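data_26.cif follows; it contains mmCIF, C-alpha atoms.
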data_upload
loop_
_atom_site.label_atom_id
_atom_site.label_comp_id
_atom_site.auth_asym_id
_atom_site.auth_seq_id
_atom_site.Cartn_x
_atom_site.Cartn_y
_atom_site.Cartn_z
CA MET A 22 -55.51 -112.54 50.04
CA THR A 23 -58.13 -110.71 52.08
CA ASN A 24 -58.49 -107.02 51.23
CA ILE A 25 -59.90 -104.40 53.56
CA TYR A 26 -60.92 -101.00 52.23
CA LEU A 27 -59.80 -98.34 54.73
CA ALA A 28 -62.46 -95.62 54.49
CA GLY A 29 -62.16 -92.41 56.46
CA PRO A 30 -61.47 -88.70 56.44
CA ASP A 31 -57.90 -89.70 57.32
CA VAL A 32 -57.15 -88.79 53.68
CA PHE A 33 -57.63 -85.12 54.61
CA LEU A 34 -55.02 -85.15 57.41
CA PRO A 35 -51.75 -83.29 56.80
CA ASP A 36 -50.00 -86.59 57.60
CA ALA A 37 -52.50 -88.72 55.65
CA ILE A 38 -49.81 -90.83 54.01
CA GLU A 39 -48.18 -91.66 57.34
CA VAL A 40 -51.56 -92.55 58.93
CA GLY A 41 -52.37 -94.74 55.91
CA ARG A 42 -49.01 -96.47 56.26
CA ARG A 43 -49.64 -97.18 59.96
CA LYS A 44 -53.09 -98.60 59.15
CA ALA A 45 -51.69 -100.80 56.37
CA GLU A 46 -48.98 -102.11 58.74
CA LEU A 47 -51.59 -103.00 61.35
CA CYS A 48 -53.60 -104.81 58.65
CA ALA A 49 -50.54 -106.87 57.71
CA ARG A 50 -50.08 -107.85 61.35
CA TYR A 51 -53.55 -109.46 61.18
CA GLY A 52 -52.86 -111.17 57.85
CA LEU A 53 -54.98 -108.65 55.94
CA VAL A 54 -54.22 -106.26 53.09
CA GLY A 55 -55.33 -102.67 53.68
CA LEU A 56 -56.43 -100.65 50.64
CA PHE A 57 -56.13 -96.93 51.39
CA PRO A 58 -58.22 -94.47 49.31
CA LEU A 59 -56.43 -92.86 46.40
CA ASP A 60 -57.05 -89.23 47.26
CA ASN A 61 -53.36 -88.67 47.87
CA ALA A 62 -52.03 -90.70 44.95
CA VAL A 63 -53.58 -88.65 42.13
CA ALA A 64 -52.02 -85.43 40.82
CA LEU A 65 -54.57 -82.90 42.00
CA ALA A 66 -53.86 -80.55 39.09
CA THR A 67 -55.07 -83.11 36.50
CA HIS A 68 -58.31 -81.82 34.95
CA ASP A 69 -60.27 -84.93 35.97
CA ALA A 70 -58.43 -85.64 39.22
CA SER A 71 -61.62 -86.04 41.29
CA MET A 72 -63.13 -88.51 38.80
CA GLN A 73 -59.87 -90.50 38.76
CA ILE A 74 -60.01 -90.68 42.55
CA PHE A 75 -63.65 -91.83 42.43
CA ARG A 76 -62.97 -94.55 39.87
CA GLY A 77 -59.92 -95.76 41.76
CA ASN A 78 -61.73 -95.86 45.09
CA GLU A 79 -64.73 -97.68 43.60
CA ALA A 80 -62.46 -100.26 41.97
CA MET A 81 -60.70 -100.82 45.31
CA MET A 82 -64.05 -101.23 47.09
CA ASP A 83 -65.15 -103.77 44.48
CA GLN A 84 -61.92 -105.74 45.11
CA ALA A 85 -62.23 -105.59 48.89
CA ASP A 86 -63.86 -108.18 51.14
CA ALA A 87 -64.71 -105.67 53.86
CA VAL A 88 -64.63 -102.01 54.78
CA ILE A 89 -63.38 -100.52 58.03
CA ALA A 90 -64.88 -97.02 58.15
CA ASN A 91 -63.56 -94.25 60.38
CA LEU A 92 -66.88 -92.70 61.45
CA THR A 93 -65.44 -90.16 63.90
CA PRO A 94 -67.56 -86.98 63.48
CA PHE A 95 -66.22 -84.70 60.77
CA ARG A 96 -67.20 -81.02 60.35
CA GLY A 97 -70.50 -81.52 62.14
CA PRO A 98 -72.31 -84.05 64.33
CA SER A 99 -72.05 -86.93 61.81
CA ALA A 100 -69.32 -88.86 60.05
CA ASP A 101 -67.59 -87.69 56.85
CA ALA A 102 -69.94 -87.86 53.86
CA GLY A 103 -67.48 -89.67 51.59
CA THR A 104 -66.88 -92.33 54.23
CA VAL A 105 -70.60 -92.77 54.86
CA TYR A 106 -71.17 -93.15 51.11
CA GLU A 107 -68.53 -95.88 51.05
CA LEU A 108 -70.08 -97.66 54.04
CA GLY A 109 -73.43 -97.70 52.23
CA TYR A 110 -71.83 -98.83 48.97
CA MET A 111 -70.08 -101.76 50.66
CA ALA A 112 -73.30 -102.77 52.48
CA GLY A 113 -75.06 -102.67 49.10
CA ARG A 114 -72.32 -104.89 47.64
CA ARG A 115 -72.99 -107.32 50.51
CA LYS A 116 -69.46 -106.99 51.90
CA LEU A 117 -68.59 -107.13 55.60
CA VAL A 118 -69.02 -103.61 57.02
CA LEU A 119 -67.11 -102.54 60.13
CA GLY A 120 -66.67 -99.10 61.61
CA TYR A 121 -65.32 -97.17 64.54
CA SER A 122 -65.67 -93.69 65.97
CA ASN A 123 -63.23 -92.07 68.36
CA ASP A 124 -66.08 -89.96 69.76
CA PRO A 125 -68.38 -92.00 72.02
CA ALA A 126 -71.00 -89.22 72.43
CA THR A 127 -74.57 -89.77 71.25
CA TYR A 128 -75.85 -88.02 68.14
CA ALA A 129 -78.08 -85.71 70.19
CA GLU A 130 -75.07 -84.72 72.36
CA ARG A 131 -73.04 -84.03 69.23
CA VAL A 132 -75.76 -81.85 67.69
CA ALA A 133 -76.02 -79.94 70.97
CA ARG A 134 -72.36 -78.88 70.57
CA HIS A 135 -73.34 -76.92 67.46
CA GLN A 136 -76.85 -75.64 68.22
CA PRO A 137 -79.36 -75.45 71.08
CA ILE A 138 -81.85 -78.36 71.22
CA THR A 139 -85.34 -78.09 72.69
CA PRO A 140 -87.62 -80.94 73.76
CA SER A 141 -91.09 -80.60 72.22
CA ASP A 142 -93.94 -83.12 72.17
CA GLY A 143 -91.68 -86.07 72.89
CA LEU A 144 -89.17 -85.07 70.20
CA LEU A 145 -85.93 -83.08 70.31
CA ILE A 146 -85.96 -80.11 67.92
CA GLY A 147 -82.79 -78.34 66.80
CA ALA A 148 -82.48 -74.58 66.44
CA ASP A 149 -82.60 -75.37 62.71
CA GLY A 150 -86.24 -76.42 63.20
CA LEU A 151 -85.60 -80.05 62.29
CA ALA A 152 -85.95 -83.02 64.63
CA VAL A 153 -82.83 -84.49 66.23
CA GLU A 154 -82.66 -88.31 66.21
CA ASP A 155 -82.84 -89.36 69.85
CA PHE A 156 -82.29 -93.12 70.04
CA GLY A 157 -79.13 -92.89 72.16
CA LEU A 158 -77.07 -93.93 69.10
CA PRO A 159 -73.77 -92.22 68.20
CA ASP A 160 -74.88 -91.27 64.66
CA ASN A 161 -77.77 -91.59 62.22
CA LEU A 162 -79.56 -94.90 62.71
CA MET A 163 -78.96 -96.04 59.11
CA LEU A 164 -75.19 -96.16 59.70
CA ILE A 165 -75.31 -97.68 63.16
CA HIS A 166 -77.80 -100.45 62.42
CA SER A 167 -76.16 -101.27 59.09
CA LEU A 168 -72.98 -102.06 61.01
CA GLU A 169 -74.93 -104.23 63.47
CA LEU A 170 -76.76 -106.19 60.77
CA HIS A 171 -74.10 -106.38 58.07
CA GLY A 172 -70.93 -106.45 60.17
CA ALA A 173 -70.41 -105.73 63.84
CA PRO A 174 -71.55 -102.94 66.18
CA LEU A 175 -69.69 -99.63 65.90
CA VAL A 176 -66.49 -99.74 67.95
CA THR A 177 -66.06 -96.71 70.22
CA PRO A 178 -63.67 -96.09 73.09
CA ARG A 179 -65.21 -95.49 76.53
CA LYS A 180 -63.62 -92.04 76.45
CA ALA A 181 -62.40 -90.07 73.44
CA PRO A 182 -58.62 -90.45 73.02
CA GLY A 183 -56.42 -87.35 73.13
CA ASP A 184 -55.84 -87.41 69.37
CA VAL A 185 -59.08 -88.61 67.76
CA TRP A 186 -57.53 -88.58 64.27
CA ARG A 187 -54.46 -90.66 65.02
CA ASP A 188 -55.39 -93.05 67.83
CA LEU A 189 -55.78 -96.46 66.19
CA ALA A 190 -56.99 -98.61 69.12
CA ALA A 191 -60.61 -98.70 67.89
CA PHE A 192 -59.39 -99.28 64.34
CA GLU A 193 -57.35 -102.25 65.58
CA ALA A 194 -60.42 -103.66 67.35
CA CYS A 195 -62.19 -103.63 63.96
CA LEU A 196 -59.21 -105.38 62.38
CA ARG A 197 -59.44 -108.14 64.97
CA ILE A 198 -63.10 -108.67 64.05
CA ALA A 199 -62.29 -108.64 60.33
CA ALA A 200 -59.56 -111.25 60.78
CA GLU A 201 -61.83 -113.51 62.86
CA ARG A 202 -64.63 -113.33 60.31
CA LEU A 203 -62.65 -113.42 57.09
CA THR A 204 -59.61 -115.56 57.87
CA PRO A 205 -60.93 -117.89 60.59
CA ASP A 206 -58.39 -120.61 59.84
CA ALA A 207 -55.30 -118.44 59.97
CA ALA A 208 -53.02 -119.03 62.96
CA ARG A 209 -53.26 -116.12 65.34
CA MET B 7 -94.76 -100.61 38.79
CA THR B 8 -91.62 -98.52 39.13
CA ASN B 9 -90.65 -97.68 42.70
CA ILE B 10 -88.49 -94.72 43.70
CA TYR B 11 -87.00 -94.53 47.18
CA LEU B 12 -87.29 -90.95 48.42
CA ALA B 13 -84.20 -90.42 50.60
CA GLY B 14 -83.65 -87.19 52.48
CA PRO B 15 -83.60 -85.38 55.80
CA ASP B 16 -87.17 -84.40 54.93
CA VAL B 17 -88.15 -87.00 57.55
CA PHE B 18 -86.87 -84.62 60.23
CA LEU B 19 -89.09 -81.68 59.18
CA PRO B 20 -91.99 -80.74 61.46
CA ASP B 21 -94.24 -81.20 58.41
CA ALA B 22 -92.44 -84.35 57.19
CA ILE B 23 -95.67 -86.22 56.46
CA GLU B 24 -97.02 -83.38 54.32
CA VAL B 25 -93.72 -83.06 52.39
CA GLY B 26 -93.70 -86.83 51.85
CA ARG B 27 -97.29 -86.66 50.57
CA ARG B 28 -96.37 -83.89 48.09
CA LYS B 29 -93.37 -85.90 46.86
CA ALA B 30 -95.49 -89.04 46.43
CA GLU B 31 -98.11 -87.06 44.48
CA LEU B 32 -95.43 -85.70 42.14
CA CYS B 33 -94.13 -89.26 41.64
CA ALA B 34 -97.62 -90.41 40.65
CA ARG B 35 -97.83 -87.61 38.08
CA TYR B 36 -94.77 -89.17 36.38
CA GLY B 37 -96.17 -92.71 36.57
CA LEU B 38 -93.85 -93.63 39.43
CA VAL B 39 -94.45 -94.88 42.96
CA GLY B 40 -92.62 -92.95 45.68
CA LEU B 41 -91.50 -94.88 48.76
CA PHE B 42 -90.99 -92.48 51.67
CA PRO B 43 -88.73 -93.58 54.58
CA LEU B 44 -90.49 -95.03 57.57
CA ASP B 45 -89.08 -92.76 60.25
CA ASN B 46 -92.49 -91.26 60.87
CA ALA B 47 -94.51 -94.46 60.66
CA VAL B 48 -92.93 -96.28 63.61
CA ALA B 49 -93.99 -95.67 67.21
CA LEU B 50 -90.86 -93.98 68.58
CA ALA B 51 -91.46 -95.30 72.08
CA THR B 52 -91.07 -98.95 70.97
CA HIS B 53 -87.84 -100.34 72.44
CA ASP B 54 -86.44 -101.26 69.03
CA ALA B 55 -87.96 -98.38 67.06
CA SER B 56 -84.70 -97.38 65.36
CA MET B 57 -84.01 -100.97 64.24
CA GLN B 58 -87.55 -101.27 62.91
CA ILE B 59 -87.00 -98.07 60.91
CA PHE B 60 -83.70 -99.41 59.56
CA ARG B 61 -85.19 -102.74 58.49
CA GLY B 62 -88.18 -101.04 56.89
CA ASN B 63 -86.04 -98.55 54.99
CA GLU B 64 -83.65 -101.25 53.78
CA ALA B 65 -86.55 -103.41 52.57
CA MET B 66 -87.98 -100.41 50.69
CA MET B 67 -84.59 -99.71 49.08
CA ASP B 68 -84.31 -103.35 48.01
CA GLN B 69 -87.76 -103.07 46.37
CA ALA B 70 -87.00 -99.76 44.66
CA ASP B 71 -85.65 -99.30 41.13
CA ALA B 72 -84.03 -95.97 41.91
CA VAL B 73 -83.28 -93.48 44.66
CA ILE B 74 -83.84 -89.74 44.54
CA ALA B 75 -81.69 -88.34 47.36
CA ASN B 76 -82.18 -84.89 48.85
CA LEU B 77 -78.53 -83.89 49.31
CA THR B 78 -79.16 -80.32 50.51
CA PRO B 79 -76.53 -79.66 53.23
CA PHE B 80 -77.72 -80.71 56.67
CA ARG B 81 -76.08 -79.60 59.96
CA GLY B 82 -72.75 -78.91 58.27
CA PRO B 83 -71.24 -78.52 54.82
CA SER B 84 -72.33 -81.95 53.56
CA ALA B 85 -75.57 -83.83 53.03
CA ASP B 86 -77.41 -85.74 55.78
CA ALA B 87 -75.48 -88.89 56.82
CA GLY B 88 -78.50 -91.21 56.61
CA THR B 89 -79.29 -90.00 53.09
CA VAL B 90 -75.68 -90.37 51.98
CA TYR B 91 -75.63 -93.92 53.38
CA GLU B 92 -78.74 -94.70 51.33
CA LEU B 93 -77.23 -93.20 48.17
CA GLY B 94 -74.18 -95.44 48.62
CA TYR B 95 -76.32 -98.48 49.39
CA MET B 96 -78.40 -98.00 46.22
CA ALA B 97 -75.26 -97.49 44.11
CA GLY B 98 -73.91 -100.72 45.61
CA ARG B 99 -77.17 -102.49 44.70
CA ARG B 100 -76.66 -101.21 41.13
CA LYS B 101 -79.88 -99.18 41.16
CA LEU B 102 -80.31 -95.85 39.36
CA VAL B 103 -79.05 -93.10 41.70
CA LEU B 104 -80.35 -89.55 41.35
CA GLY B 105 -79.95 -86.61 43.68
CA TYR B 106 -80.55 -82.92 44.12
CA SER B 107 -79.37 -80.17 46.41
CA ASN B 108 -81.15 -76.89 46.96
CA ASP B 109 -77.81 -75.27 47.80
CA PRO B 110 -75.70 -74.67 44.68
CA ALA B 111 -72.57 -73.55 46.60
CA THR B 112 -69.34 -75.51 46.27
CA TYR B 113 -68.11 -77.68 49.14
CA ALA B 114 -65.26 -75.26 49.90
CA GLU B 115 -67.74 -72.35 50.06
CA ARG B 116 -69.96 -74.37 52.40
CA VAL B 117 -67.06 -75.24 54.73
CA ALA B 118 -66.06 -71.57 54.79
CA ARG B 119 -69.46 -70.73 56.32
CA HIS B 120 -68.49 -72.72 59.41
CA GLN B 121 -64.74 -72.15 59.74
CA PRO B 122 -61.91 -70.07 58.24
CA ILE B 123 -60.04 -71.74 55.37
CA THR B 124 -56.42 -71.02 54.49
CA PRO B 125 -54.62 -71.83 51.24
CA SER B 126 -51.35 -73.67 51.87
CA ASP B 127 -49.07 -75.42 49.38
CA GLY B 128 -51.77 -75.71 46.70
CA LEU B 129 -54.32 -77.11 49.18
CA LEU B 130 -57.08 -75.49 51.23
CA ILE B 131 -56.75 -76.21 54.95
CA GLY B 132 -59.64 -75.77 57.38
CA ALA B 133 -59.25 -74.31 60.87
CA ASP B 134 -59.73 -77.94 61.96
CA GLY B 135 -56.32 -78.69 60.41
CA LEU B 136 -57.75 -81.02 57.76
CA ALA B 137 -57.70 -80.40 53.99
CA VAL B 138 -60.85 -79.08 52.32
CA GLU B 139 -61.76 -80.79 49.03
CA ASP B 140 -61.36 -78.15 46.35
CA PHE B 141 -62.61 -79.58 43.06
CA GLY B 142 -65.40 -77.02 42.58
CA LEU B 143 -67.94 -79.75 43.40
CA PRO B 144 -70.93 -79.12 45.69
CA ASP B 145 -70.09 -81.98 48.09
CA ASN B 146 -67.62 -84.82 48.65
CA LEU B 147 -66.45 -86.25 45.33
CA MET B 148 -67.67 -89.77 46.14
CA LEU B 149 -71.31 -88.60 46.18
CA ILE B 150 -71.07 -86.29 43.19
CA HIS B 151 -69.27 -88.67 40.85
CA SER B 152 -71.41 -91.62 41.91
CA LEU B 153 -74.44 -89.70 40.67
CA GLU B 154 -72.66 -88.93 37.38
CA LEU B 155 -71.58 -92.51 36.76
CA HIS B 156 -74.52 -94.43 38.20
CA GLY B 157 -77.38 -92.04 37.49
CA ALA B 158 -77.31 -88.41 36.42
CA PRO B 159 -75.40 -85.32 37.59
CA LEU B 160 -76.60 -83.71 40.82
CA VAL B 161 -79.51 -81.36 40.11
CA THR B 162 -79.09 -77.92 41.70
CA PRO B 163 -80.96 -74.68 41.13
CA ARG B 164 -78.96 -71.73 39.80
CA LYS B 165 -79.84 -69.91 43.03
CA ALA B 166 -80.99 -71.41 46.34
CA PRO B 167 -84.80 -71.21 46.64
CA GLY B 168 -86.35 -69.28 49.53
CA ASP B 169 -87.36 -72.46 51.36
CA VAL B 170 -84.62 -75.03 50.74
CA TRP B 171 -86.52 -77.76 52.62
CA ARG B 172 -89.83 -77.45 50.78
CA ASP B 173 -89.06 -76.26 47.25
CA LEU B 174 -89.52 -79.32 45.03
CA ALA B 175 -88.42 -77.98 41.61
CA ALA B 176 -85.04 -79.78 41.71
CA PHE B 177 -86.78 -82.90 43.06
CA GLU B 178 -89.18 -82.79 40.11
CA ALA B 179 -86.26 -82.48 37.68
CA CYS B 180 -84.91 -85.75 39.13
CA LEU B 181 -88.33 -87.35 38.71
CA ARG B 182 -88.35 -86.40 35.04
CA ILE B 183 -84.98 -88.15 34.58
CA ALA B 184 -86.21 -91.21 36.50
CA ALA B 185 -89.33 -91.47 34.32
CA GLU B 186 -87.30 -91.12 31.10
CA ARG B 187 -84.83 -93.79 32.17
CA LEU B 188 -87.15 -96.26 33.87
CA THR B 189 -90.43 -95.97 31.96
CA PRO B 190 -89.29 -94.90 28.48
CA ASP B 191 -92.38 -96.28 26.74
CA ALA B 192 -94.95 -94.60 28.94
CA ALA B 193 -96.96 -91.83 27.27
CA ARG B 194 -95.90 -88.46 28.71
#
Turn the structure described in the file into C-alpha cells.
Amino acid sequence: MTNIYLAGPDVFLPDAIEVGRRKAELCARYGLVGLFPLDNAVALATHDASMQIFRGNEAMMDQADAVIANLTPFRGPSADAGTVYELGYMAGRRKLVLGYSNDPATYAERVARHQPITPSDGLLIGADGLAVEDFGLPDNLMLIHSLELHGAPLVTPRKAPGDVWRDLAAFEACLRIAAERLTPDAAR
Amino acid sequence: MTNIYLAGPDVFLPDAIEVGRRKAELCARYGLVGLFPLDNAVALATHDASMQIFRGNEAMMDQADAVIANLTPFRGPSADAGTVYELGYMAGRRKLVLGYSNDPATYAERVARHQPITPSDGLLIGADGLAVEDFGLPDNLMLIHSLELHGAPLVTPRKAPGDVWRDLAAFEACLRIAAERLTPDAAR
C-alpha cells in the first residue's frame, strides 16, 4: 500500500470534504492511497483541537511515502504556510516530495500584485523595503529547488485554470509521477 | 561545536549582512555557532545561483543541531515561505526547532489586516471564501505546534517592537533556550 499525504489549503475550502474525496478517488485510480489532512475531522470546539489536528497530520505524514503539496498562492505571493511546513517536513524525512501550483506566475510577478516593486542596484526591492527574490521561479527558491532535488519540478499549468482551488489537472500530473516512482511494477 | 541554523527573511533586508553579523555575535556569546543562510554569499548573476543557495542552505541545515526561525509575518499574515520550509525540514530531520515572531497578533487578527472576515456557522470566513484558522494561535497550527512538540513554544514579545526586522530580544530568548538544551554543561 503506497500512501500519499495530500497537503494543501484545500482544507480551508467551504467544500473541503468534497475536494478531499475527489483527490482520494483520483489517488485510487493510480493505485495509491490518499491521506487527507485531519483539519475537518476533529471537533473544533475541543479544547486541544489544534494540537489533535497537528498530531494526526504528523502521524499521517510519517506513514506516507510521498507528499503532493498544493502550492497555489494563498493569502499573499507564496504558498500556504501549513502546506510549506509539511513539504519541508517530508523532505526532512527523506520522502518523495511533489507539488503543484495553479498559478504559473513568477514570485516577483505575484509580489507585484500586492505592492509596487522597484529595481535598485541589480535587485528588486518591494515597497516593504525588503528584496524580492528574482530568479524567475514561481515561489521561494527553497520550495522550488527542494521539489527538483527531492521529487520532481513543480507542476504548473501554462495558464491559470478558471477555478484555481478546484481544478485537479496539475494534481493529477503529480499523481502520475508518484505512481511511476513508487509503484513502477503496477500495471497501468 | 554546536551549530544553529539562523532561518529568516532577514536575508532580504537591505542590511542583511549586518543583521546576520549581529545574530552570529549573539550566538557566540551563548557558546553557539550561528550559520546564516547563503543568499547573500552567492553571486546572483551566476546561471544557477538559486540552486547554489539551496544546496548551501540544505548542507548548513544538515550540519546544524537546531534552527532558530524568524517567523515574523512576511508579505501576508504568515511567516516567510522559505523560513517555514526550513522549519519543517529541521523538524523532519529531528533537530531542535525554535522560533520567534516579533508580531504577537493572532493569525485571525493578521488576516483581518488584509481582508474582511465574517463569522459563519462557527467558522471565520475570509473575503477570499476560505476559512480562517481561529485557534488563537499566531500562525498556522502546523508551525506553532511543531515548535511546542519538537522544540519550545514560539517566542513573541508582549508588544511588537518598533523595528520588527532588527529587534533581537525574542531571538536572544531562543538562543538562551538553545544553549540550555544543547550545551547544558557549559558555564553560563
TODO: Starting from the displayed file, determine the output of the PyMOL selection byres ((chain A) within 7 of (chain B)) and express the residue list as a ChimeraX atom specification.
DONE: /A:33-35,71-72,75,96-97,99-100,102-103,105-114,151-152,156,161-164,166
- [ ] Using the chain letters and numbering of this document, enumerate as a ChimeraX atom specification the residues selected by the PyMOL selection byres ((chain B and resi 103) around 6).
- [x] /B:72-73,102,104,153,156-157
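CA of Asn108 (chain B) is found 16.9 Å from CA of Arg182 (chain B).
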- [ ] Write out as an MDAnalysis selection string the residues lying within 6 Å of Pro144 (chain B), counting all atoms listed in the file and excluding same-chain residues fewer than 2 positions away.
- [x] chainID B and resid 111:113
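Going from CA of Leu77 (chain B) to CA of Met81 (chain A) covers 24.9 Å.
When CA of Val54 (chain A) is paired with CA of Arg179 (chain A), their separation reads 28.0 Å.
Using only C-alpha atoms, the smallest distance between any of A:Asp142, A:Glu39, A:Asp86, A:Asp184 and Arg202 (chain A) comes from A:Asp86.
Evaluated against the shown file, the PyMOL selection byres ((chain A and resi 89) around 8) gives A:Ile25, A:Tyr26, A:Leu27, A:Ala28, A:Ala87, A:Val88, A:Ala90, A:Asn91, A:Val118, A:Leu119, A:Gly120, A:Tyr121, A:Phe192, A:Cys195, A:Leu196.
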Hey, could you pull the box centre and edge lengths for region 54-67 of chain A, axis-aligned, 4 Å padding per side, all listed atoms, to one decimal in Å, as JSON?
{"center_x": -55.1, "center_y": -93.4, "center_z": 45.1, "size_x": 14.2, "size_y": 33.7, "size_z": 25.2}
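Across B:Val48, B:Ala158, B:Val170, B:Ala184, the tightest approach to Asn9 (chain B) is made by B:Ala184 when counting all atoms listed in the file.
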Give one line per residue of region 80-192 of chain B that approaches region 27-36 of chain B to at most 12 Å, naming the two atoms of the closest pair and their distance in Å to one decimal, counting all atoms listed in the file; sort by chain then ascending residue number and deliver it as a tab-separated table.
residue	atom	partner	partner_atom	distance
B:Arg172	CA	B:Arg28	CA	9.6
B:Asp173	CA	B:Lys29	CA	10.6
B:Leu174	CA	B:Lys29	CA	7.8
B:Ala175	CA	B:Leu32	CA	10.4
B:Ala176	CA	B:Lys29	CA	11.5
B:Phe177	CA	B:Lys29	CA	8.2
B:Glu178	CA	B:Leu32	CA	7.2
B:Ala179	CA	B:Leu32	CA	10.7
B:Cys180	CA	B:Cys33	CA	10.2
B:Leu181	CA	B:Cys33	CA	6.8
B:Arg182	CA	B:Tyr36	CA	7.1
B:Ile183	CA	B:Tyr36	CA	10.0
B:Ala184	CA	B:Tyr36	CA	8.8
B:Ala185	CA	B:Tyr36	CA	6.3
B:Glu186	CA	B:Tyr36	CA	9.4
B:Arg187	CA	B:Tyr36	CA	11.7
B:Leu188	CA	B:Tyr36	CA	10.7
B:Thr189	CA	B:Tyr36	CA	9.2
B:Pro190	CA	B:Tyr36	CA	11.2
B:Ala192	CA	B:Tyr36	CA	9.2
